[in-house]
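Report on the following structure.
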Amino acid sequence: MNFKGYSGCKLKLIEDEQKNYVKKLSVSKDYNSRLESQCLKQSAVFLNGFNKCNIYDSGFQDGLFYFTMEYVQGKTLAEKMFDINLYEIEFFTYKLLLHATNYEKINFGADSIFQAKIEDLQKKLFNRVKLNEIFNILKNFSWQYVIHSKCHGDLTLENIIVSGEKLTPIDFLDSFYDSWMIDAAKILQDVDVMWSYRHILPNSNLLVRLTIMRDFIVQKIRHMFMGDKMIETVYMILLLNLIRIFPYVKDSFTENFLSVKIPYIVDKIKNHKWED
Ligand SMILES: Nc1ncnc2c1ncn2[C@@H]1O[C@H](COP(=O)(O)OP(=O)(O)O)[C@@H](O)[C@H]1O
Ligand SMILES: [Mg+2]
């Protein structure tokens, strides 16, 4: 059996007499280093609230990097959202935010790292005049409230496998900055912006479930110390995430999707819509 993700890497379930396992093979030689870091991060990082997907082996095959890992039986949280019940939404939200830590002190280091990232991005997107206003919003924000902590790096609902009460993250990503707030922004990208569901027309059942999860997440973050600053920062990271997609956009569908969702998030930030 083969699995499908977005990277183009080959994922295969291997049924062995002793145990089943999954093999992930790099899509190209250029992708090798990214997959190697992913493998290292998956084996080294333990996130509170989550189960670990163990790595068994790694190496090269015809010049392409691969690793094998535990087969986690279940469905992705993206699929689970179609029939998840209220109790499970609350329980999983609690688990998703267990690796969130409280704000301790202003981190000026974070501000310069984010500012440099934004400047780089603006250079890449110099011909998109319409994004100037968004770049001003990003550049005028004080990023020193981004807490430095452990992080997954690409915590979309598709990269979390649900088995009973357990959540197992896969597909780790090296991030330009490590923070649980980056993970929270990725989850909001799915439950508020509906990124992972953009190719389907979400029915109202799904929309209600996603919205309930979004409200639980927002509420939990707002209840933390300096909660309002935190939720604002998380939504700013989400805005930055959406702009970071532009250099990779190849189709008008994604272009249109972003042109609707970006003003939606900007409006939320400007008017503190999470306070509703
Ligand atoms: N260890 C695993 N156990 C079970 N399913 C897996 C495992 N690894 C990947 N999958 C399935 O394959 C899909 C794609 O894997 P992923 O590593 O996210 O690939 P990509 O980097 O292409 O997004 C996942 O969404 C999941 O459904
Ligand atoms: Mg993935």
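Naming works like this for the structure tokens: A, B, ... for the chains as they're shown, residue 1 at the start of each chain, ligands 1 onward in shown order.
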
task: Extract, using only C-alpha atoms, all DNA, RNA and protein residues at most 8 Å from range 83-88 of chain A, discarding same-chain residues fewer than 4 positions from it, and format them as a VMD selection string.
output: chain A and resid 92 206 209

Quick one: which range 14-67 of chain A residues come within 12 Å of range 97-102 of chain A, and what is the nearest atom pair for each with the distance in Å to one decimal, counting only C-alpha atoms, rows ordered by chain and ascending number, as CSV?
residue,atom,partner,partner_atom,distance
A:Val45,CA,A:His99,CA,11.5
A:Phe46,CA,A:His99,CA,9.5
A:Leu47,CA,A:His99,CA,5.9
A:Asn48,CA,A:His99,CA,4.8
A:Gly49,CA,A:Leu98,CA,5.3
A:Phe50,CA,A:Leu98,CA,8.4

field: Distance of CA of Ser179 in chain A from CA of Val266 in chain A, expressed in Å to one decimal place
entry: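 Answer for the CA of Val266 in chain A to CA of Ser179 in chain A separation: 21.8 Å.
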
task: Write as number ranges by chain the residues around ligand 1, taking 10 Å as the cut-off and counting only C-alpha atoms and all ligand atoms.
output: A: 2-13, 20-27, 35, 38, 52-55, 68-79, 154-162, 168-173

query: range 130-146 of chain A: which residues within 10 Å, counting only C-alpha atoms, same-chain residues fewer than 6 positions away excluded, as a PyMOL selection string?
result: chain A and resi 103-116+118-119+121-122+177-182+226+229-230+232-234+236-237+239-240+243+262-263+266+269-270

- request: Name the closest residue to ligand 2 among the candidates A:Gly164, A:Gly153, A:Pro247, A:Gly63; distances are taken between atoms, counting only C-alpha atoms and all ligand atoms.
  value: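 For ligand 2, the nearest of the candidates is A:Gly153.
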
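When CA of Ala44 in chain A is paired with CA of Tyr248 in chain A, their separation reads 29.0 Å.
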
query: Per DSSP on the backbone, what are the alpha helix (DSSP H) residues of range 54-256 of chain A, as an MDAnalysis selection string?
result: chainID A and resid 77:80 86:96 108:124 132:139 180:191 204:222 227:245 252:256

task: Would you return as a VMD selection string the members of range 82-260 of chain A that DSSP assigns to strand (DSSP E) on this structure's backbone?
output: chain A and resid 160 to 163 166 to 169

Preceding selection exported with N, CA, C and O atoms as an mmCIF file, in the first residue's frame:
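So the final result, stored in result.cif, reads:
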data_model
loop_
_atom_site.group_PDB
_atom_site.id
_atom_site.type_symbol
_atom_site.label_atom_id
_atom_site.label_comp_id
_atom_site.auth_asym_id
_atom_site.auth_seq_id
_atom_site.Cartn_x
_atom_site.Cartn_y
_atom_site.Cartn_z
ATOM 1 N N ILE A 160 -0.836 14.572 11.535
ATOM 2 C CA ILE A 160 -1.090 14.001 12.860
ATOM 3 C C ILE A 160 -1.958 12.761 12.659
ATOM 4 O O ILE A 160 -3.013 12.832 12.013
ATOM 5 N N ILE A 161 -1.512 11.629 13.191
ATOM 6 C CA ILE A 161 -2.317 10.406 13.072
ATOM 7 C C ILE A 161 -3.023 10.150 14.410
ATOM 8 O O ILE A 161 -2.410 10.214 15.467
ATOM 9 N N VAL A 162 -4.332 9.917 14.305
ATOM 10 C CA VAL A 162 -5.142 9.665 15.504
ATOM 11 C C VAL A 162 -5.368 8.169 15.628
ATOM 12 O O VAL A 162 -5.851 7.536 14.692
ATOM 13 N N SER A 163 -5.013 7.597 16.773
ATOM 14 C CA SER A 163 -5.360 6.193 17.045
ATOM 15 C C SER A 163 -5.963 6.175 18.439
ATOM 16 O O SER A 163 -5.257 6.417 19.407
ATOM 17 N N LYS A 166 -4.766 8.570 21.180
ATOM 18 C CA LYS A 166 -3.379 8.999 20.936
ATOM 19 C C LYS A 166 -3.253 9.856 19.677
ATOM 20 O O LYS A 166 -3.891 9.582 18.664
ATOM 21 N N LEU A 167 -2.368 10.858 19.773
ATOM 22 C CA LEU A 167 -2.037 11.688 18.608
ATOM 23 C C LEU A 167 -0.560 11.467 18.287
ATOM 24 O O LEU A 167 0.292 11.672 19.152
ATOM 25 N N THR A 168 -0.273 11.029 17.061
ATOM 26 C CA THR A 168 1.122 10.809 16.682
ATOM 27 C C THR A 168 1.503 11.717 15.525
ATOM 28 O O THR A 168 0.965 11.576 14.425
ATOM 29 N N PRO A 169 2.407 12.674 15.773
ATOM 30 C CA PRO A 169 2.829 13.532 14.670
ATOM 31 C C PRO A 169 3.861 12.846 13.777
ATOM 32 O O PRO A 169 4.692 12.069 14.259
#

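Pairwise distance (CA of Phe257 in chain A, CA of Arg198 in chain A) equals 7.7 Å.
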
message: At a cut-off of 10 Å, using only C-alpha atoms, what residues contact Glu36 in chain A? Leave out same-chain residues fewer than 4 positions from it and give the result as number ranges by chain.
response: A: 26, 31-32, 40-42, 58-59, 65-67
